[in-house]
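work.txt (compact mmCIF, C-alpha atoms and all ligand atoms)
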# COMPACT_ATOMS: atom_id res chain seq x y z
CA MET A 1 -50.54 142.07 110.70
CA ALA A 2 -48.68 140.36 113.50
CA SER A 3 -49.71 136.88 112.43
CA ALA A 4 -47.88 136.97 109.07
CA LYS A 5 -45.23 134.27 109.01
CA THR A 6 -41.72 135.71 109.14
CA LEU A 7 -39.42 134.21 106.53
CA GLU A 8 -35.84 134.05 107.70
CA VAL A 9 -33.34 135.72 105.39
CA PRO A 10 -29.89 136.69 106.71
CA PRO A 11 -29.77 140.41 107.57
CA LEU A 12 -27.55 142.62 105.43
CA ALA A 13 -24.09 142.81 107.02
CA ALA A 14 -23.74 146.45 105.91
CA THR A 15 -26.41 147.39 108.44
CA ARG A 16 -23.79 147.55 111.16
CA ARG A 17 -21.87 150.24 109.27
CA LEU A 18 -25.14 152.05 108.58
CA LYS A 19 -25.83 152.27 112.31
CA GLU A 20 -22.35 153.68 112.95
CA LEU A 21 -22.79 156.27 110.21
CA MET A 22 -26.14 157.45 111.50
CA ALA A 23 -24.87 157.64 115.08
CA GLY A 24 -21.91 159.72 113.88
CA HIS A 25 -24.23 162.01 111.92
CA PHE A 26 -26.48 162.79 114.87
CA HIS A 27 -23.66 163.14 117.42
CA GLU A 28 -21.78 165.51 115.12
CA LEU A 29 -24.88 167.68 114.78
CA ASP A 30 -25.66 167.55 118.48
CA GLN A 31 -22.17 168.59 119.44
CA ALA A 32 -22.03 171.41 116.88
CA ALA A 33 -25.38 172.81 118.03
CA ARG A 34 -24.47 172.65 121.71
CA THR A 35 -20.94 174.03 121.43
CA LYS A 36 -21.59 176.36 118.49
CA SER A 37 -18.48 174.93 116.84
CA ARG A 38 -20.15 174.92 113.44
CA PRO A 39 -23.34 176.44 112.05
CA VAL A 40 -26.28 174.07 111.66
CA ALA A 41 -28.99 174.36 109.02
CA TRP A 42 -32.21 172.45 108.85
CA VAL A 43 -32.99 171.57 105.28
CA THR A 44 -35.77 169.78 103.43
CA SER A 45 -34.84 166.36 102.06
CA VAL A 46 -34.71 167.45 98.43
CA GLY A 47 -33.60 170.98 99.12
CA PRO A 48 -30.32 172.78 98.50
CA ALA A 49 -28.20 170.66 100.86
CA GLU A 50 -25.10 170.90 98.66
CA LEU A 51 -25.13 174.70 98.79
CA LEU A 52 -25.35 174.63 102.59
CA LEU A 53 -22.53 172.11 102.91
CA SER A 54 -20.34 174.24 100.65
CA LEU A 55 -20.91 177.18 102.99
CA GLY A 56 -19.69 175.17 105.98
CA PHE A 57 -23.06 174.27 107.51
CA LEU A 58 -23.82 170.88 108.99
CA VAL A 59 -27.22 169.87 107.70
CA TYR A 60 -30.06 168.26 109.61
CA TYR A 61 -33.15 166.84 107.93
CA PRO A 62 -36.39 167.14 109.91
CA GLU A 63 -38.11 164.67 107.56
CA ASN A 64 -35.61 162.06 108.71
CA HIS A 65 -36.62 162.85 112.28
CA GLY A 66 -40.24 162.58 111.17
CA ALA A 67 -39.56 159.11 109.78
CA MET A 68 -37.89 158.12 113.06
CA LEU A 69 -40.94 159.33 114.94
CA GLY A 70 -43.05 157.14 112.67
CA ALA A 71 -40.82 154.08 112.84
CA SER A 72 -40.57 154.29 116.63
CA ARG A 73 -44.39 154.73 116.76
CA MET A 74 -44.01 157.82 118.90
CA ALA A 75 -45.78 159.81 116.20
CA THR A 76 -49.36 158.75 116.83
CA GLU A 77 -48.95 159.65 120.50
CA VAL A 78 -47.56 163.17 119.97
CA ILE A 79 -49.55 164.32 116.91
CA PRO A 80 -52.46 165.55 119.08
CA ARG A 81 -50.09 168.08 120.72
CA ALA A 82 -49.68 169.81 117.36
CA ASN A 83 -53.38 169.43 116.57
CA ALA A 84 -54.12 171.35 119.76
CA LEU A 85 -52.09 174.29 118.37
CA GLY A 86 -54.27 174.36 115.27
CA TYR A 87 -52.24 172.13 112.94
CA SER A 88 -54.91 169.94 111.38
CA PRO A 89 -54.85 166.13 111.61
CA GLU A 90 -55.28 166.24 107.80
CA ILE A 91 -51.92 167.94 107.06
CA CYS A 92 -48.49 166.30 106.85
CA SER A 93 -48.03 163.95 109.78
CA TYR A 94 -44.27 164.50 109.64
CA LEU A 95 -45.02 168.11 110.48
CA THR A 96 -47.56 167.31 113.18
CA SER A 97 -45.49 164.55 114.75
CA ASP A 98 -42.30 166.61 114.71
CA VAL A 99 -43.96 169.69 116.18
CA GLY A 100 -45.91 167.48 118.60
CA ALA A 101 -42.69 165.79 119.76
CA TYR A 102 -41.06 169.19 120.28
CA LEU A 103 -44.01 170.36 122.37
CA ALA A 104 -43.93 167.13 124.38
CA GLY A 105 -40.14 167.36 124.85
CA GLN A 106 -39.65 163.95 123.26
CA THR A 107 -37.44 162.58 120.50
CA PRO A 108 -36.48 159.11 119.25
CA LEU A 109 -32.88 160.41 119.23
CA LYS A 110 -32.86 159.94 122.99
CA ARG A 111 -33.39 156.20 122.88
CA ALA A 112 -31.32 155.63 119.75
CA TYR A 113 -28.34 157.87 120.51
CA ASN A 114 -28.83 159.30 124.01
CA ILE A 115 -29.35 162.75 122.47
CA GLU A 116 -31.81 164.98 124.31
CA ALA A 117 -33.25 166.97 121.41
CA PRO A 118 -32.76 167.69 117.70
CA PRO A 119 -29.98 170.26 117.06
CA ARG A 120 -31.06 173.89 117.32
CA PRO A 121 -30.52 175.46 113.91
CA ASP A 122 -28.86 178.70 112.85
CA ALA A 123 -30.92 178.70 109.64
CA LEU A 124 -34.03 176.94 108.33
CA VAL A 125 -33.89 176.34 104.58
CA PHE A 126 -36.79 174.80 102.65
CA ASN A 127 -37.62 173.93 99.08
CA THR A 128 -41.30 173.70 98.17
CA ASN A 129 -40.55 171.24 95.35
CA GLN A 130 -42.23 168.53 97.40
CA CYS A 131 -45.04 170.45 99.09
CA ARG A 132 -46.03 173.62 100.92
CA ASP A 133 -46.08 171.81 104.26
CA VAL A 134 -42.31 172.00 104.62
CA LYS A 135 -42.43 175.79 104.60
CA ASP A 136 -45.18 175.86 107.22
CA TRP A 137 -43.27 173.31 109.28
CA PHE A 138 -40.06 175.36 109.27
CA ARG A 139 -42.01 178.54 109.85
CA PHE A 140 -43.22 177.15 113.16
CA TYR A 141 -39.65 176.80 114.39
CA SER A 142 -38.57 180.10 112.89
CA GLN A 143 -41.21 181.85 114.98
CA GLU A 144 -40.56 179.70 118.02
CA TRP A 145 -36.81 180.31 118.10
CA GLY A 146 -36.34 183.49 116.10
CA VAL A 147 -34.21 181.68 113.51
CA PRO A 148 -34.00 182.95 109.90
CA LEU A 149 -36.31 181.17 107.45
CA LEU A 150 -35.06 180.99 103.87
CA GLY A 151 -36.26 179.03 100.93
CA VAL A 152 -36.77 178.18 97.33
CA HIS A 153 -40.24 178.18 95.75
CA THR A 154 -40.41 175.59 93.01
CA HIS A 155 -42.86 175.26 90.12
CA ARG A 156 -45.20 172.33 90.66
CA VAL A 157 -47.20 169.88 88.53
CA ILE A 158 -45.03 170.53 85.51
CA GLY A 159 -44.61 168.42 82.37
CA PRO A 160 -41.31 169.03 80.62
CA VAL A 161 -38.72 170.91 82.66
CA GLU A 162 -38.12 174.10 80.69
CA LYS A 163 -35.40 176.70 80.63
CA HIS A 164 -37.49 179.31 82.40
CA HIS A 165 -38.03 176.88 85.30
CA LEU A 166 -34.31 176.26 85.61
CA ASP A 167 -33.32 179.90 85.27
CA ASP A 168 -35.72 180.82 88.04
CA ILE A 169 -34.63 178.08 90.46
CA ALA A 170 -30.92 178.63 89.78
CA ALA A 171 -31.45 182.34 90.51
CA GLN A 172 -33.24 181.47 93.75
CA PHE A 173 -30.33 179.26 94.81
CA ARG A 174 -27.87 182.06 94.08
CA GLY A 175 -30.12 184.46 95.95
CA LEU A 176 -29.73 182.45 99.17
CA ILE A 177 -25.98 182.96 99.30
CA PRO A 178 -25.63 186.44 100.87
CA ALA A 179 -27.87 185.60 103.83
CA LEU A 180 -26.22 182.22 104.34
CA GLU A 181 -22.74 183.78 104.20
CA GLU A 182 -23.78 186.15 106.93
CA ILE A 183 -25.39 183.49 109.12
CA GLY A 184 -22.59 180.95 108.70
CA GLY A 185 -19.70 183.42 108.69
CA ARG A 186 -18.04 181.97 105.60
CA LYS A 187 -17.68 183.29 102.06
CA PHE A 188 -19.14 181.26 99.25
CA ASP A 189 -16.53 179.13 97.44
CA LEU A 190 -17.53 177.90 93.98
CA ASP A 191 -14.82 175.24 93.92
CA ARG A 192 -16.07 173.81 97.19
CA LEU A 193 -19.60 173.63 95.79
CA ARG A 194 -18.30 171.82 92.71
CA GLU A 195 -16.47 169.33 94.93
CA ILE A 196 -19.58 168.63 97.01
CA LEU A 197 -21.75 168.29 93.93
CA GLY A 198 -19.28 165.75 92.58
CA LEU A 199 -19.66 163.73 95.79
CA SER A 200 -23.46 164.00 95.63
CA ALA A 201 -23.44 162.91 91.98
CA GLU A 202 -21.38 159.86 92.92
CA CYS A 203 -23.70 159.09 95.82
CA SER A 204 -26.64 159.30 93.46
CA ARG A 205 -25.02 156.93 90.94
CA LEU A 206 -24.27 154.43 93.69
CA TRP A 207 -27.75 154.69 95.16
CA ARG A 208 -29.21 153.99 91.72
CA ALA A 209 -26.89 151.00 91.34
CA VAL A 210 -27.92 149.46 94.68
CA LEU A 211 -31.61 149.92 93.86
CA GLU A 212 -31.13 148.33 90.45
CA THR A 213 -29.76 145.11 91.96
CA ALA A 214 -33.46 144.28 92.42
CA ALA A 215 -34.27 144.85 88.75
CA THR A 216 -33.80 141.25 87.76
CA GLY A 217 -35.19 138.65 90.07
CA PRO A 218 -35.09 137.16 92.54
CA ALA A 219 -34.56 140.46 94.33
CA PRO A 220 -31.74 140.43 96.91
CA TRP A 221 -33.54 143.08 98.95
CA THR A 222 -36.89 144.83 98.96
CA PHE A 223 -38.46 148.23 99.46
CA PHE A 224 -38.68 147.58 103.20
CA ASP A 225 -34.88 147.23 103.42
CA GLN A 226 -34.32 150.08 100.99
CA THR A 227 -36.25 152.57 103.12
CA ILE A 228 -33.71 151.95 105.90
CA HIS A 229 -30.59 151.91 103.75
CA MET A 230 -31.56 155.08 101.90
CA ALA A 231 -30.67 157.17 104.96
CA PRO A 232 -27.12 158.09 103.83
CA ALA A 233 -28.41 159.15 100.38
CA VAL A 234 -30.80 161.50 102.19
CA VAL A 235 -28.74 162.87 105.07
CA LEU A 236 -25.10 162.31 104.08
CA ARG A 237 -24.98 162.93 100.36
CA GLY A 238 -22.21 165.34 99.52
CA ARG A 239 -19.93 163.57 102.01
CA PRO A 240 -17.45 160.81 101.14
CA GLU A 241 -18.65 158.45 103.87
CA ALA A 242 -22.02 158.03 102.14
CA ASN A 243 -20.27 156.90 98.95
CA ASP A 244 -18.03 154.49 100.85
CA TYR A 245 -21.14 153.05 102.45
CA TYR A 246 -22.92 152.42 99.15
CA ARG A 247 -19.82 150.76 97.67
CA LEU A 248 -19.91 148.35 100.62
CA LEU A 249 -23.65 147.75 100.27
CA LEU A 250 -23.44 147.33 96.50
CA ALA A 251 -20.77 144.64 96.83
CA GLU A 252 -22.92 142.75 99.32
CA LEU A 253 -26.07 142.99 97.21
CA LYS A 254 -24.25 141.86 94.08
CA GLU A 255 -22.89 138.89 96.00
CA ARG A 256 -26.40 138.02 97.19
CA ARG A 257 -27.72 138.33 93.68
CA ASP A 258 -24.92 136.19 92.24
CA GLN A 259 -25.67 133.52 94.83
CA GLY A 260 -29.38 133.69 93.97
CA LEU A 261 -30.18 134.64 97.56
CA ALA A 262 -33.69 136.10 97.50
CA ALA A 263 -35.07 138.54 100.06
CA VAL A 264 -38.38 136.73 99.58
CA PRO A 265 -37.68 133.02 99.19
CA GLY A 266 -39.81 131.53 96.44
CA GLU A 267 -40.57 135.01 95.03
CA ARG A 268 -43.73 134.69 92.88
CA HIS A 269 -44.76 138.31 92.45
CA ARG A 270 -42.84 141.54 91.99
CA PHE A 271 -44.52 144.75 93.10
CA TYR A 272 -43.92 148.46 92.68
CA TRP A 273 -44.72 150.63 95.72
CA GLU A 274 -46.03 154.05 94.86
CA GLY A 275 -46.27 156.52 97.72
CA MET A 276 -44.90 157.02 101.20
CA PRO A 277 -43.75 154.15 103.43
CA ILE A 278 -45.91 153.33 106.46
CA TRP A 279 -43.06 153.84 108.88
CA GLY A 280 -44.61 152.27 111.95
CA LYS A 281 -45.42 149.06 110.08
CA LEU A 282 -42.37 148.41 107.92
CA ARG A 283 -41.51 145.15 109.60
CA SER A 284 -45.00 143.69 109.69
CA LEU A 285 -45.65 144.72 106.09
CA ALA A 286 -42.36 143.17 104.99
CA ASP A 287 -43.42 139.94 106.67
CA LEU A 288 -46.91 140.10 105.20
CA PHE A 289 -45.69 140.57 101.62
CA ALA A 290 -43.03 137.89 102.08
CA SER A 291 -45.58 135.43 103.46
CA LEU A 292 -47.52 135.92 100.21
CA GLY A 293 -44.46 135.24 98.03
CA SER A 294 -44.44 138.88 96.98
CA ALA A 295 -41.39 141.12 96.81
CA VAL A 296 -41.76 144.89 96.58
CA VAL A 297 -38.77 145.45 94.32
CA ALA A 298 -39.04 149.12 93.33
CA SER A 299 -40.63 152.34 94.52
CA THR A 300 -41.01 155.96 93.64
CA TYR A 301 -40.08 156.89 97.18
CA CYS A 302 -36.61 155.33 97.26
CA ASN A 303 -35.94 156.54 93.73
CA SER A 304 -36.52 160.11 94.87
CA TRP A 305 -32.90 160.40 95.99
CA ILE A 306 -31.49 159.62 92.56
CA PHE A 307 -30.31 162.94 91.12
CA ASP A 308 -28.94 162.22 87.68
CA ALA A 309 -28.54 165.87 86.77
CA PHE A 310 -25.84 166.95 89.26
CA ASP A 311 -22.91 168.30 87.27
CA PRO A 312 -19.96 170.05 88.96
CA ASP A 313 -19.26 171.93 85.72
CA GLU A 314 -22.67 173.63 85.90
CA PRO A 315 -23.36 173.76 89.61
CA PHE A 316 -26.37 176.07 89.85
CA GLU A 317 -28.04 174.97 86.65
CA SER A 318 -27.60 171.29 87.45
CA MET A 319 -28.85 171.70 91.04
CA ALA A 320 -31.87 173.51 89.66
CA ARG A 321 -32.51 170.64 87.24
CA ALA A 322 -31.89 167.87 89.78
CA TYR A 323 -34.30 169.38 92.28
CA THR A 324 -36.95 170.23 89.69
CA GLU A 325 -37.10 167.12 87.53
CA LEU A 326 -38.19 165.00 90.50
CA PHE A 327 -41.25 162.76 90.19
CA ILE A 328 -43.13 164.66 92.90
CA VAL A 329 -42.81 167.94 91.00
CA ARG A 330 -44.27 166.57 87.76
CA ASP A 331 -47.66 166.16 86.09
CA GLU A 332 -49.70 162.97 85.72
CA ALA A 333 -48.47 162.21 82.20
CA TYR A 334 -44.83 162.28 83.30
CA LYS A 335 -45.57 160.16 86.38
CA GLU A 336 -47.44 157.53 84.38
CA ALA A 337 -44.63 157.25 81.83
CA TYR A 338 -42.15 156.95 84.70
CA ILE A 339 -44.04 154.10 86.37
CA LYS A 340 -44.54 152.30 83.05
CA ASP A 341 -40.79 152.41 82.51
CA HIS A 342 -40.25 150.82 85.93
CA ILE A 343 -42.87 148.16 85.25
CA GLU A 344 -40.78 147.13 82.26
CA ARG A 345 -37.34 147.39 83.82
CA PHE A 346 -38.21 145.68 87.11
CA ALA A 347 -40.60 143.05 85.63
CA ILE A 348 -43.44 144.29 87.84
CA ASP A 349 -46.70 142.34 87.98
CA GLY A 350 -48.52 144.36 90.64
CA LEU A 351 -48.76 148.04 91.60
CA ILE A 352 -49.36 149.05 95.21
CA PHE A 353 -50.59 152.63 95.67
CA HIS A 354 -50.34 153.85 99.23
CA ASP A 355 -52.95 156.55 99.76
CA ALA A 356 -51.33 158.36 102.69
CA ARG A 357 -54.07 160.30 104.39
CA THR A 358 -51.92 163.28 105.33
CA CYS A 359 -49.72 163.48 102.23
CA PRO A 360 -51.65 164.17 99.04
CA ASN A 361 -48.32 165.09 97.42
CA ASN A 362 -47.12 161.51 97.55
CA SER A 363 -50.51 159.82 97.04
CA ASN A 364 -50.89 159.42 93.32
CA ASN A 365 -54.02 157.29 93.28
CA ARG A 366 -56.39 160.22 93.73
CA TYR A 367 -56.82 161.30 90.11
CA GLY A 368 -57.43 157.95 88.45
CA MET A 369 -53.83 156.87 87.87
CA PRO A 370 -54.11 153.22 89.08
CA ARG A 371 -56.97 152.48 86.67
CA ARG A 372 -55.28 154.21 83.74
CA LEU A 373 -51.99 152.40 84.34
CA SER A 374 -53.71 149.03 84.72
CA GLN A 375 -55.67 149.53 81.51
CA GLU A 376 -52.61 150.56 79.55
CA THR A 377 -50.14 147.99 80.90
CA GLY A 378 -52.32 145.07 82.00
CA VAL A 379 -50.65 145.23 85.45
CA ALA A 380 -53.13 145.09 88.32
CA ALA A 381 -53.15 147.80 90.99
CA LEU A 382 -54.19 147.84 94.64
CA VAL A 383 -54.77 150.93 96.77
CA ILE A 384 -53.84 150.69 100.46
CA ASN A 385 -55.32 153.37 102.71
CA GLY A 386 -52.98 154.43 105.48
CA ASP A 387 -50.50 157.09 106.41
CA LEU A 388 -46.79 157.66 106.72
CA ASN A 389 -46.91 158.35 110.47
CA ASP A 390 -50.46 158.52 111.78
CA LEU A 391 -51.34 154.89 112.38
CA ARG A 392 -54.91 155.82 113.24
CA CYS A 393 -55.42 156.07 109.47
CA LEU A 394 -54.44 152.46 108.84
CA SER A 395 -56.68 149.43 109.23
CA GLU A 396 -54.28 146.51 109.47
CA GLU A 397 -57.00 143.91 109.06
CA GLN A 398 -58.40 145.60 105.96
CA THR A 399 -54.93 145.91 104.48
CA ARG A 400 -54.18 142.25 105.05
CA THR A 401 -57.50 141.13 103.58
CA ASN A 402 -57.12 143.34 100.52
CA LEU A 403 -53.55 142.29 99.88
CA GLU A 404 -54.35 138.59 100.25
CA ALA A 405 -57.22 138.95 97.77
CA PHE A 406 -54.98 140.88 95.38
CA VAL A 407 -52.28 138.19 95.45
CA GLU A 408 -54.89 135.47 95.02
CA GLN A 409 -56.18 137.27 91.96
CA LEU A 410 -52.63 137.45 90.54
CA ASP A 411 -52.06 133.77 91.27
CA GLU A 412 -55.29 132.85 89.47
CA ALA A 413 -54.40 135.05 86.50
CA ALA A 414 -50.98 133.35 86.31
CA GLN A 415 -52.62 129.91 86.13
CA THR A 416 -55.02 130.73 83.30
S1 LIG B 501 -44.16 165.50 100.77
FE1 LIG B 501 -45.76 164.71 102.13
S2 LIG B 501 -44.68 163.65 103.77
FE2 LIG B 501 -43.17 164.95 102.70
S3 LIG B 501 -43.14 166.83 103.92
FE3 LIG B 501 -44.62 167.14 102.25
S4 LIG B 501 -46.64 166.55 103.05
FE4 LIG B 501 -45.02 165.77 104.44
Same coordinates, now as structure tokens:
Amino acid sequence: MASAKTLEVPPLAATRRLKELMAGHFHELDQAARTKSRPVAWVTSVGPAELLLSLGFLVYYPENHGAMLGASRMATEVIPRANALGYSPEICSYLTSDVGAYLAGQTPLKRAYNIEAPPRPDALVFNTNQCRDVKDWFRFYSQEWGVPLLGVHTHRVIGPVEKHHLDDIAAQFRGLIPALEEIGGRKFDLDRLREILGLSAECSRLWRAVLETAATGPAPWTFFDQTIHMAPAVVLRGRPEANDYYRLLLAELKERRDQGLAAVPGERHRFYWEGMPIWGKLRSLADLFASLGSAVVASTYCNSWIFDAFDPDEPFESMARAYTELFIVRDEAYKEAYIKDHIERFAIDGLIFHDARTCPNNSNNRYGMPRRLSQETGVAALVINGDLNDLRCLSEEQTRTNLEAFVEQLDEAAQT
């Protein structure tokens, strides 16, 4: 994809602050793990982070490290190390690249922040709301280091979220507390949890607001920017600095929008991206779409860190709802209605489904959804075969050819 013409758009000024925030996050974790000044928990990206923060843990997100391994293109090199231990090339390539990097003694944190290794945890806490792979991933480290493995098992492929789902998940959250109190050495404080949930709720509202600046065109930023700027919503929600960051970013995006400054100059098409990013090709894909006058303005992936349900007045029940009503947890009917709503609200004229080889959980093309959605909405869909981290699964030439043909087809349809 290297030959796509790069269209020059000024970079977002907020990026500088983003870099400072992320450096602070990793150095804080590194120091805490090395000096034992504070307990560290590893947590899944849509897991019970707020509960851990309320109990005094610093939280580290291995999926974020997985994305860094992908973006730095270290992943493809280290995945075979995990394969050699019996972790299949067909399972989550976050898992295989993270475990592979550990076995190889490598990390992108070294180059980015001069940090030798991810922080050693005092607890590993998963939520299977996204997949089973996260539990297997954390189990590897639990066995390797003798660290307690705790978790929440969520109902999957559900339609409406019902009371029995919420009662069960809320009870599982409460059930984590005694072990976490013992590991972290701090008593649970309900008021502190309410405070953190309030911060997370605000972060979620701001993250929604920044994403929605692309709802009416021309979009001031695209999916490829959003995947970078979502980092605070993932790793720093529940902390005031994340909210300050999104206020800054929102002001800049609104200014861009008011000035009519488009991320894709001459925007002709507006796409929805369904599925995982292809981390090692973000830049070249951004250039490719831009060179075709196409802006990817919305995505399921970036929306996954919008948690409308958080409510400090009902902490456990609202956490249970927020972490259960996610797109990835739901059935096909819910997902199709969700995407149709976004087609309307973001004026989408093309759907891109990324079939990520190693993540069936985030590849929603496999049970006929693109065809059904196209038939019902009249919006064309394209499936791209690739992977989040394992670039051996991606044919760049095929992707370019297919996308060019797809855009040509949309252009022709627009002229008739
Ligand atoms: S949802 Fe997919 S990418 Fe995320 S941890 Fe699970 S298998 Fe990996």
What is the atom CA of Glu255 of chain A-atom CA of Arg205 of chain A distance in Å, reported with one decimal?
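Taking atom CA of Glu255 of chain A as the start and atom CA of Arg205 of chain A as the end point, the length is 18.9 Å.
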As a ChimeraX atom specification, please: the residues near Pro80 of chain A (cut-off 12 Å, only C-alpha atoms, same-chain neighbours under 6 positions excluded).
/A:74,86-90,93,95-101,103-104,390,392
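Distance annotation: of A:His342, A:Arg132, A:Arg17, A:Arg174, the residue with the minimal separation from ligand LIG 501 (chain B) is A:Arg132; atom set is all atoms listed in the file.
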Please report, as JSON lines, each residue of chain A lying at most 10 Å from ligand LIG 501 (chain B), together with the nearest pair of atoms and the separation in Å rounded to one decimal; use all atoms listed in the file, and order rows by chain and ascending residue number.
{"residue": "A:Thr44", "atom": "CA", "partner": "B:LIG501", "partner_atom": "S3", "distance": 8.0}
{"residue": "A:Ser45", "atom": "CA", "partner": "B:LIG501", "partner_atom": "FE2", "distance": 8.5}
{"residue": "A:Val46", "atom": "CA", "partner": "B:LIG501", "partner_atom": "FE2", "distance": 9.8}
{"residue": "A:Pro62", "atom": "CA", "partner": "B:LIG501", "partner_atom": "S3", "distance": 9.0}
{"residue": "A:Glu63", "atom": "CA", "partner": "B:LIG501", "partner_atom": "S3", "distance": 6.6}
{"residue": "A:Gly66", "atom": "CA", "partner": "B:LIG501", "partner_atom": "S2", "distance": 8.7}
{"residue": "A:Ala67", "atom": "CA", "partner": "B:LIG501", "partner_atom": "S2", "distance": 9.1}
{"residue": "A:Glu90", "atom": "CA", "partner": "B:LIG501", "partner_atom": "S4", "distance": 9.9}
{"residue": "A:Ile91", "atom": "CA", "partner": "B:LIG501", "partner_atom": "S4", "distance": 6.8}
{"residue": "A:Cys92", "atom": "CA", "partner": "B:LIG501", "partner_atom": "S4", "distance": 4.2}
{"residue": "A:Ser93", "atom": "CA", "partner": "B:LIG501", "partner_atom": "FE4", "distance": 6.4}
{"residue": "A:Tyr94", "atom": "CA", "partner": "B:LIG501", "partner_atom": "FE4", "distance": 5.4}
{"residue": "A:Leu95", "atom": "CA", "partner": "B:LIG501", "partner_atom": "FE4", "distance": 6.5}
{"residue": "A:Thr96", "atom": "CA", "partner": "B:LIG501", "partner_atom": "FE4", "distance": 9.2}
{"residue": "A:Thr128", "atom": "CA", "partner": "B:LIG501", "partner_atom": "FE3", "distance": 8.4}
{"residue": "A:Asn129", "atom": "CA", "partner": "B:LIG501", "partner_atom": "S1", "distance": 8.7}
{"residue": "A:Gln130", "atom": "CA", "partner": "B:LIG501", "partner_atom": "S1", "distance": 4.9}
{"residue": "A:Cys131", "atom": "CA", "partner": "B:LIG501", "partner_atom": "FE3", "distance": 4.6}
{"residue": "A:Arg132", "atom": "CA", "partner": "B:LIG501", "partner_atom": "FE3", "distance": 6.8}
{"residue": "A:Asp133", "atom": "CA", "partner": "B:LIG501", "partner_atom": "FE3", "distance": 5.3}
{"residue": "A:Val134", "atom": "CA", "partner": "B:LIG501", "partner_atom": "S3", "distance": 5.3}
{"residue": "A:Lys135", "atom": "CA", "partner": "B:LIG501", "partner_atom": "S3", "distance": 9.0}
{"residue": "A:Asp136", "atom": "CA", "partner": "B:LIG501", "partner_atom": "S3", "distance": 9.8}
{"residue": "A:Trp137", "atom": "CA", "partner": "B:LIG501", "partner_atom": "S3", "distance": 8.4}
{"residue": "A:Gly275", "atom": "CA", "partner": "B:LIG501", "partner_atom": "FE1", "distance": 9.3}
{"residue": "A:Met276", "atom": "CA", "partner": "B:LIG501", "partner_atom": "S2", "distance": 7.1}
{"residue": "A:Pro277", "atom": "CA", "partner": "B:LIG501", "partner_atom": "S2", "distance": 9.6}
{"residue": "A:Ile328", "atom": "CA", "partner": "B:LIG501", "partner_atom": "S1", "distance": 8.0}
{"residue": "A:Ala356", "atom": "CA", "partner": "B:LIG501", "partner_atom": "FE1", "distance": 8.5}
{"residue": "A:Arg357", "atom": "CA", "partner": "B:LIG501", "partner_atom": "FE1", "distance": 9.7}
{"residue": "A:Thr358", "atom": "CA", "partner": "B:LIG501", "partner_atom": "S4", "distance": 6.6}
{"residue": "A:Cys359", "atom": "CA", "partner": "B:LIG501", "partner_atom": "FE1", "distance": 4.1}
{"residue": "A:Pro360", "atom": "CA", "partner": "B:LIG501", "partner_atom": "FE1", "distance": 6.7}
{"residue": "A:Asn361", "atom": "CA", "partner": "B:LIG501", "partner_atom": "S1", "distance": 5.4}
{"residue": "A:Asn362", "atom": "CA", "partner": "B:LIG501", "partner_atom": "FE1", "distance": 5.8}
{"residue": "A:Ser363", "atom": "CA", "partner": "B:LIG501", "partner_atom": "FE1", "distance": 8.5}
{"residue": "A:Asp387", "atom": "CA", "partner": "B:LIG501", "partner_atom": "S2", "distance": 9.2}
{"residue": "A:Leu388", "atom": "CA", "partner": "B:LIG501", "partner_atom": "S2", "distance": 7.0}
{"residue": "A:Asn389", "atom": "CA", "partner": "B:LIG501", "partner_atom": "S2", "distance": 8.8}
Kindly give the distance, in Å, that separates atom CA of Glu202 of chain A and atom CA of Leu250 of chain A, rounded to a single decimal.
13.2 Å
Give me the residues near Asn364 of chain A as a list in words, where near means some atom within 9 Å (using all atoms listed in the file) and where sequence neighbours in that chain fewer than 5 positions away do not count.
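In the requested format, the answer is Glu274, Gly275, Glu332, Lys335, Phe353, His354, Asp355, Met369 and Pro370 of chain A.
Relative to atom CA of Val78 of chain A, atom CA of Lys281 of chain A is found at 17.4 Å.
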If you count all atoms listed in the file, which residues fall within 12 Å of Ala309 of chain A, apart from same-chain ones fewer than 5 positions away, as number ranges by chain?
A: 166, 197-198, 200-202, 204-205, 314-326
Export C-alpha atoms of the chosen residues as a tab-separated table (two decimals), keeping the file's coordinate frame?
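Ended up saving to out_19.tsv:
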chain	number	residue	atom	x	y	z
A	166	LEU	CA	-34.31	176.26	85.61
A	197	LEU	CA	-21.75	168.29	93.93
A	198	GLY	CA	-19.28	165.75	92.58
A	200	SER	CA	-23.46	164.00	95.63
A	201	ALA	CA	-23.44	162.91	91.98
A	202	GLU	CA	-21.38	159.86	92.92
A	204	SER	CA	-26.64	159.30	93.46
A	205	ARG	CA	-25.02	156.93	90.94
A	314	GLU	CA	-22.67	173.63	85.90
A	315	PRO	CA	-23.36	173.76	89.61
A	316	PHE	CA	-26.37	176.07	89.85
A	317	GLU	CA	-28.04	174.97	86.65
A	318	SER	CA	-27.60	171.29	87.45
A	319	MET	CA	-28.85	171.70	91.04
A	320	ALA	CA	-31.87	173.51	89.66
A	321	ARG	CA	-32.51	170.64	87.24
A	322	ALA	CA	-31.89	167.87	89.78
A	323	TYR	CA	-34.30	169.38	92.28
A	324	THR	CA	-36.95	170.23	89.69
A	325	GLU	CA	-37.10	167.12	87.53
A	326	LEU	CA	-38.19	165.00	90.50
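Each of A:Ile183, A:Ile196, A:Val383, A:Cys203 was compared to Tyr272 of chain A using only C-alpha atoms, and A:Val383 turns out to be the nearest.
If you measure from each of A:Thr154, A:Ser142, A:Ser291, A:Thr213 to Arg330 of chain A using only C-alpha atoms, the closest one turns out to be A:Thr154.
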Nearest residue to Asp308 of chain A from the set A:Gly260, A:His269, A:Leu206, A:Leu394 (distances using only C-alpha atoms)
A:Leu206
